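Undergrad: I have a structure here, written as structure tokens, and I will follow up with some questions on it.
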Amino acid sequence: MTFLSYLITGISLGSVYAIIALGYTMVYGIAKMLNFAHGDVIMVGAYICFFTMSRLGELFEPGSLGAMVVPPLAGTILAMVVCTVLGVVIERLAYKPLRQATSLAVLITAIGMSYFLQNAAQLLWTSNPKIFSSVVGTGKVELFGGQLGISHVTIVTIVACVVIMIGLTLFTGKTKMGKAMRACSEDKGAAQLMGINVNTTISVTFAIGSALAAIAGVLLCSAYTTLMPTTGSMPGIKAFTAAVFGGIGSIPGALLGGVLLGIIETFAKAYISTQISDAIVFAVLIVVLLVKPAGLLGKIMPEKV
């Protein structure tokens, strides 16, 4: 049962990485930009949810149904709204002027935006760690006569990841905006000639990725119960690793890379060492990229010159 417990924990952690990785992979797939401020959007979403839950929780009697349902739901929705707007603002102010700039200029801008959000969070909310109450409670489901316990956070995280992946797949394949995203991913110039508003399409991509970052931030803090301005930094880096692992630009690749990364990290901590688990994760990434440079589900796209 211990092995199964570690496996479920790894899938849950990997599901969070997958949700975050979607933001990286969608933006890169369409705008060909690496948004390294994405991890800090996770942190902003978690803070918005935390303070919304704290303020609304004061209005309800502790332990009542309203106190258990309304603050977490309202906090999550408000976090998604704020992060959606933040994602669009970041794209318009920081990335849109650099559409034709070099990759190095975009990278430096992304890092600068990341530091700006972290320092702004420290000014607004201080750097002191805060105790984050789980949005789905602290209960668990017991199986096999109590030998295996699965927390509600774990179940909700895995279900949310599956629902989001299915929803995004249907969105990109069936809707007009989704098809516009795919067209921009293939060739922005040709898409614009066919009447697609490239600027709007890229903004919508940033909005969706940022909304998903808010969900990931809430789920991540619900699992670890701690919140601080650097909350999204390491998960953001690992999620980017997951996107590259699965094949950056591929939505199924983000899911596969995230889940595999979570499982590898969990088993490395359990059976090898908690101190070198991160090193093992990145070592596996290096080996995969040496064998398959485009990632597990990625495709190498030759450039015409």
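We name chains A, B, ... following the order of the structure tokens; residues begin at 1 in each chain, and ligands are numbered from 1 as shown.
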DSSP on the backbone: what in range 32-266 of chain A comes out strand (DSSP E or B), as an MDAnalysis selection string?
TA: chainID A and resid 130:131 140:143 148:151 226:227
Undergrad: Take the residues that were just selected and, keeping N, CA and C atoms, output them as a PDB file, in the first residue's frame.
TA:
ATOM      1  N   LYS A 130       2.395  32.548   5.543  1.00  0.00           N
ATOM      2  CA  LYS A 130       1.020  32.539   6.021  1.00  0.00           C
ATOM      3  C   LYS A 130       0.464  31.123   5.939  1.00  0.00           C
ATOM      4  N   ILE A 131      -0.379  30.780   6.880  1.00  0.00           N
ATOM      5  CA  ILE A 131      -0.987  29.455   6.914  1.00  0.00           C
ATOM      6  C   ILE A 131      -2.211  29.463   6.002  1.00  0.00           C
ATOM      7  N   LYS A 140     -10.166  12.936   4.381  1.00  0.00           N
ATOM      8  CA  LYS A 140      -9.603  11.991   3.427  1.00  0.00           C
ATOM      9  C   LYS A 140     -10.517  10.790   3.253  1.00  0.00           C
ATOM     10  N   VAL A 141     -10.338  10.109   2.139  1.00  0.00           N
ATOM     11  CA  VAL A 141     -11.092   8.894   1.843  1.00  0.00           C
ATOM     12  C   VAL A 141     -10.203   7.701   2.175  1.00  0.00           C
ATOM     13  N   GLU A 142     -10.711   6.792   2.973  1.00  0.00           N
ATOM     14  CA  GLU A 142      -9.935   5.619   3.376  1.00  0.00           C
ATOM     15  C   GLU A 142     -10.377   4.391   2.587  1.00  0.00           C
ATOM     16  N   LEU A 143      -9.399   3.679   2.043  1.00  0.00           N
ATOM     17  CA  LEU A 143      -9.654   2.482   1.250  1.00  0.00           C
ATOM     18  C   LEU A 143      -8.929   1.288   1.864  1.00  0.00           C
ATOM     19  N   LEU A 148      -5.094   2.574   3.156  1.00  0.00           N
ATOM     20  CA  LEU A 148      -4.735   3.602   2.183  1.00  0.00           C
ATOM     21  C   LEU A 148      -5.666   4.792   2.356  1.00  0.00           C
ATOM     22  N   GLY A 149      -5.078   5.956   2.617  1.00  0.00           N
ATOM     23  CA  GLY A 149      -5.858   7.178   2.769  1.00  0.00           C
ATOM     24  C   GLY A 149      -5.519   8.183   1.679  1.00  0.00           C
ATOM     25  N   ILE A 150      -6.563   8.685   1.020  1.00  0.00           N
ATOM     26  CA  ILE A 150      -6.370   9.676  -0.047  1.00  0.00           C
ATOM     27  C   ILE A 150      -7.065  10.961   0.384  1.00  0.00           C
ATOM     28  N   SER A 151      -6.303  12.031   0.507  1.00  0.00           N
ATOM     29  CA  SER A 151      -6.878  13.299   0.967  1.00  0.00           C
ATOM     30  C   SER A 151      -7.813  13.886  -0.082  1.00  0.00           C
ATOM     31  N   THR A 226       1.112  26.419   3.154  1.00  0.00           N
ATOM     32  CA  THR A 226       2.003  27.555   3.421  1.00  0.00           C
ATOM     33  C   THR A 226       2.023  28.480   2.209  1.00  0.00           C
ATOM     34  N   LEU A 227       2.029  29.785   2.481  1.00  0.00           N
ATOM     35  CA  LEU A 227       2.007  30.770   1.407  1.00  0.00           C
ATOM     36  C   LEU A 227       3.002  31.873   1.709  1.00  0.00           C
TER      37      LEU A 227
END
Undergrad: For range 203-300 of chain A against range 7-30 of chain A, with a cut-off of 10 Å and counting only C-alpha atoms, what is the closest atom pair and its distance in Å to one decimal for every residue that makes the cut, ordered by chain and number, as a Markdown table?
TA:
| residue | atom | partner | partner_atom | distance |
| --- | --- | --- | --- | --- |
| A:Ser203 | CA | A:Val27 | CA | 9.5 |
| A:Val204 | CA | A:Val27 | CA | 9.9 |
| A:Thr205 | CA | A:Val27 | CA | 6.3 |
| A:Phe206 | CA | A:Val27 | CA | 6.5 |
| A:Ala207 | CA | A:Gly23 | CA | 9.1 |
| A:Ile208 | CA | A:Gly23 | CA | 7.5 |
| A:Gly209 | CA | A:Gly23 | CA | 4.0 |
| A:Ser210 | CA | A:Gly23 | CA | 6.7 |
| A:Ala211 | CA | A:Gly23 | CA | 8.9 |
| A:Leu212 | CA | A:Ile19 | CA | 6.3 |
| A:Ala213 | CA | A:Ile20 | CA | 5.5 |
| A:Ala214 | CA | A:Ile20 | CA | 8.9 |
| A:Ile215 | CA | A:Ile19 | CA | 8.1 |
| A:Ala216 | CA | A:Val16 | CA | 5.6 |
| A:Gly217 | CA | A:Val16 | CA | 8.4 |
| A:Val218 | CA | A:Val16 | CA | 9.9 |
| A:Leu219 | CA | A:Val16 | CA | 7.3 |
| A:Leu220 | CA | A:Val16 | CA | 6.8 |
| A:Ala223 | CA | A:Leu13 | CA | 9.0 |
| A:Gly232 | CA | A:Ile20 | CA | 9.8 |
| A:Pro235 | CA | A:Tyr17 | CA | 6.9 |
| A:Gly236 | CA | A:Ile20 | CA | 7.0 |
| A:Ile237 | CA | A:Ala21 | CA | 9.4 |
| A:Lys238 | CA | A:Tyr17 | CA | 7.0 |
| A:Ala239 | CA | A:Tyr17 | CA | 4.7 |
| A:Phe240 | CA | A:Ala21 | CA | 5.7 |
| A:Thr241 | CA | A:Ala21 | CA | 8.2 |
| A:Ala242 | CA | A:Ala21 | CA | 6.5 |
| A:Ala243 | CA | A:Ala21 | CA | 5.2 |
| A:Val244 | CA | A:Thr25 | CA | 8.3 |
| A:Gly246 | CA | A:Ala21 | CA | 9.6 |
| A:Gly247 | CA | A:Thr25 | CA | 8.3 |
| A:Ile248 | CA | A:Thr25 | CA | 5.1 |
| A:Gly249 | CA | A:Gly29 | CA | 4.1 |
| A:Ser250 | CA | A:Thr25 | CA | 6.4 |
| A:Ile251 | CA | A:Leu22 | CA | 6.5 |
| A:Pro252 | CA | A:Leu22 | CA | 9.2 |
| A:Gly253 | CA | A:Thr25 | CA | 8.8 |
| A:Ala254 | CA | A:Ala18 | CA | 5.4 |
| A:Leu255 | CA | A:Ala18 | CA | 4.8 |
| A:Leu256 | CA | A:Ala18 | CA | 7.6 |
| A:Gly257 | CA | A:Ala18 | CA | 7.0 |
| A:Gly258 | CA | A:Ala18 | CA | 4.2 |
| A:Val259 | CA | A:Gly14 | CA | 3.8 |
| A:Leu260 | CA | A:Gly14 | CA | 6.6 |
| A:Leu261 | CA | A:Gly14 | CA | 6.0 |
| A:Gly262 | CA | A:Gly14 | CA | 3.8 |
| A:Ile263 | CA | A:Gly10 | CA | 4.0 |
| A:Ile264 | CA | A:Gly10 | CA | 7.3 |
| A:Glu265 | CA | A:Gly10 | CA | 7.2 |
| A:Thr266 | CA | A:Gly10 | CA | 5.2 |
| A:Phe267 | CA | A:Gly10 | CA | 7.5 |
Undergrad: With C-alpha atoms kept, could you save the residues just selected as a PDB file, in the first residue's frame?
TA:
ATOM      1  CA  SER A 203      -4.089  37.916 -25.193  1.00  0.00           C
ATOM      2  CA  VAL A 204      -6.713  35.189 -24.771  1.00  0.00           C
ATOM      3  CA  THR A 205      -3.910  32.632 -24.552  1.00  0.00           C
ATOM      4  CA  PHE A 206      -2.241  34.584 -21.739  1.00  0.00           C
ATOM      5  CA  ALA A 207      -5.622  34.987 -20.022  1.00  0.00           C
ATOM      6  CA  ILE A 208      -6.340  31.249 -20.069  1.00  0.00           C
ATOM      7  CA  GLY A 209      -2.847  30.347 -18.905  1.00  0.00           C
ATOM      8  CA  SER A 210      -3.039  32.853 -16.038  1.00  0.00           C
ATOM      9  CA  ALA A 211      -6.477  31.621 -14.929  1.00  0.00           C
ATOM     10  CA  LEU A 212      -5.086  28.090 -14.812  1.00  0.00           C
ATOM     11  CA  ALA A 213      -2.102  29.382 -12.819  1.00  0.00           C
ATOM     12  CA  ALA A 214      -4.541  30.720 -10.214  1.00  0.00           C
ATOM     13  CA  ILE A 215      -6.194  27.295  -9.911  1.00  0.00           C
ATOM     14  CA  ALA A 216      -2.796  25.637  -9.592  1.00  0.00           C
ATOM     15  CA  GLY A 217      -1.737  28.123  -6.907  1.00  0.00           C
ATOM     16  CA  VAL A 218      -4.848  27.472  -4.839  1.00  0.00           C
ATOM     17  CA  LEU A 219      -4.453  23.683  -5.125  1.00  0.00           C
ATOM     18  CA  LEU A 220      -0.723  23.834  -4.406  1.00  0.00           C
ATOM     19  CA  ALA A 223      -1.746  20.734  -0.254  1.00  0.00           C
ATOM     20  CA  GLY A 232       5.395  29.895  -7.156  1.00  0.00           C
ATOM     21  CA  PRO A 235       6.844  24.924  -8.817  1.00  0.00           C
ATOM     22  CA  GLY A 236       7.029  27.295 -11.783  1.00  0.00           C
ATOM     23  CA  ILE A 237      10.521  26.097 -12.701  1.00  0.00           C
ATOM     24  CA  LYS A 238       9.496  22.453 -12.320  1.00  0.00           C
ATOM     25  CA  ALA A 239       6.363  23.024 -14.383  1.00  0.00           C
ATOM     26  CA  PHE A 240       8.481  24.575 -17.125  1.00  0.00           C
ATOM     27  CA  THR A 241      10.681  21.498 -16.898  1.00  0.00           C
ATOM     28  CA  ALA A 242       7.545  19.358 -17.232  1.00  0.00           C
ATOM     29  CA  ALA A 243       6.492  21.303 -20.338  1.00  0.00           C
ATOM     30  CA  VAL A 244       9.909  20.723 -21.923  1.00  0.00           C
ATOM     31  CA  GLY A 246       6.559  16.381 -22.448  1.00  0.00           C
ATOM     32  CA  GLY A 247       7.241  18.548 -25.491  1.00  0.00           C
ATOM     33  CA  ILE A 248       6.718  22.284 -25.095  1.00  0.00           C
ATOM     34  CA  GLY A 249       3.856  23.492 -27.274  1.00  0.00           C
ATOM     35  CA  SER A 250       1.918  20.233 -26.851  1.00  0.00           C
ATOM     36  CA  ILE A 251      -1.105  20.183 -24.508  1.00  0.00           C
ATOM     37  CA  PRO A 252      -1.000  16.370 -24.061  1.00  0.00           C
ATOM     38  CA  GLY A 253       2.747  16.720 -23.575  1.00  0.00           C
ATOM     39  CA  ALA A 254       2.171  19.121 -20.654  1.00  0.00           C
ATOM     40  CA  LEU A 255      -0.062  16.529 -18.994  1.00  0.00           C
ATOM     41  CA  LEU A 256       2.348  13.653 -19.586  1.00  0.00           C
ATOM     42  CA  GLY A 257       5.421  15.643 -18.560  1.00  0.00           C
ATOM     43  CA  GLY A 258       3.756  17.006 -15.426  1.00  0.00           C
ATOM     44  CA  VAL A 259       2.488  13.645 -14.189  1.00  0.00           C
ATOM     45  CA  LEU A 260       5.778  11.856 -14.906  1.00  0.00           C
ATOM     46  CA  LEU A 261       7.749  14.628 -13.206  1.00  0.00           C
ATOM     47  CA  GLY A 262       5.537  14.452 -10.121  1.00  0.00           C
ATOM     48  CA  ILE A 263       5.877  10.674  -9.899  1.00  0.00           C
ATOM     49  CA  ILE A 264       9.666  10.781 -10.365  1.00  0.00           C
ATOM     50  CA  GLU A 265      10.049  13.489  -7.716  1.00  0.00           C
ATOM     51  CA  THR A 266       7.835  11.677  -5.195  1.00  0.00           C
ATOM     52  CA  PHE A 267       9.571   8.318  -5.594  1.00  0.00           C
TER      53      PHE A 267
END
Undergrad: If you count only C-alpha atoms, which residues fall within 8 Å of Ala94 in chain A, apart from same-chain ones fewer than 3 positions away, as number ranges by chain?
TA: A: 90-91, 97-98, 109-110, 113
Undergrad: Go ahead and save the picked residues with C-alpha atoms, as a tab-separated table (two decimals), in the first residue's frame.
TA:
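Final output, saved to part.tsv:
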chain	number	residue	atom	x	y	z
A	90	ILE	CA	1.53	41.54	-18.50
A	91	GLU	CA	1.20	40.51	-22.14
A	97	PRO	CA	6.15	45.52	-27.65
A	98	LEU	CA	8.75	42.74	-28.01
A	109	THR	CA	11.89	41.09	-19.69
A	110	ALA	CA	10.23	37.93	-18.36
A	113	MET	CA	8.56	40.90	-14.56
Undergrad: Using only C-alpha atoms, find the one residue out of A:Gly39, A:Leu93, A:Val281, A:Ser222 that sits nearest to Lys269 in chain A.
TA: A:Val281
Undergrad: Would you mind telling me which residue in A:Gly167, A:Ala121, A:Tyr115, A:Lys32 lies nearest to Ala46 in chain A when using only C-alpha atoms?
TA: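 Selected residue with least distance to Ala46 in chain A: A:Ala121.
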Undergrad: Rounded to one decimal place, report the CA of Leu34 in chain A-CA of Gly295 in chain A distance in Å.
TA: 16.2 Å
Undergrad: Do you have the CA of Gly87 in chain A-CA of Ile42 in chain A distance handy?
TA: 10.8 Å
Undergrad: Step one, run DSSP on the backbone; step two, keep only residues of range 185-292 of chain A assigned to helix (DSSP H, G or I); then write them as a PyMOL selection string.
TA: chain A and resi 185-186+188-193+198-224+233-246+251-271+277-291
Undergrad: In terms of the shortest atom-to-atom distance over only C-alpha atoms, which of A:Ile111, A:Val162, A:Val136, A:Leu117 is closest to Leu73 in chain A?
TA: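 Closest to Leu73 in chain A, using only C-alpha atoms: A:Val136.
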Undergrad: Quick one: pull the distance between CA of Thr172 in chain A and CA of Val81 in chain A, Å, one decimal.
TA: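 Rounded to one decimal, the two atoms are 21.0 Å apart.
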Undergrad: Find the residues near Gln100 in chain A: any atom within 12 Å, counting only C-alpha atoms, skip ones fewer than 6 places away on the same chain, and give them as a ChimeraX atom specification.
TA: /A:31-33,106
Undergrad: Write out as a PyMOL selection string which residues come within 9 Å of Asn128 in chain A when counting only C-alpha atoms, dropping same-chain ones fewer than 4 positions away.
TA: chain A and resi 122+227-229
Undergrad: Kindly save the residues from that selection, with C-alpha atoms included, as a short mmCIF file (atom, residue, chain, number, x, y, z; two decimals), in the first residue's frame.
TA:
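selection.cif was written with the following content:
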data_model
loop_
_atom_site.label_atom_id
_atom_site.label_comp_id
_atom_site.auth_asym_id
_atom_site.auth_seq_id
_atom_site.Cartn_x
_atom_site.Cartn_y
_atom_site.Cartn_z
CA GLN A 122 6.45 41.48 -0.41
CA LEU A 227 2.01 30.77 1.41
CA MET A 228 4.78 33.32 0.83
CA PRO A 229 5.99 35.60 -2.04
#
Undergrad: For range 52-55 of chain A, find every residue with an atom within 6 Å (counting only C-alpha atoms), except residues of its own chain fewer than 3 positions away, and show them as an MDAnalysis selection string.
TA: chainID A and resid 49 58 71:72 75
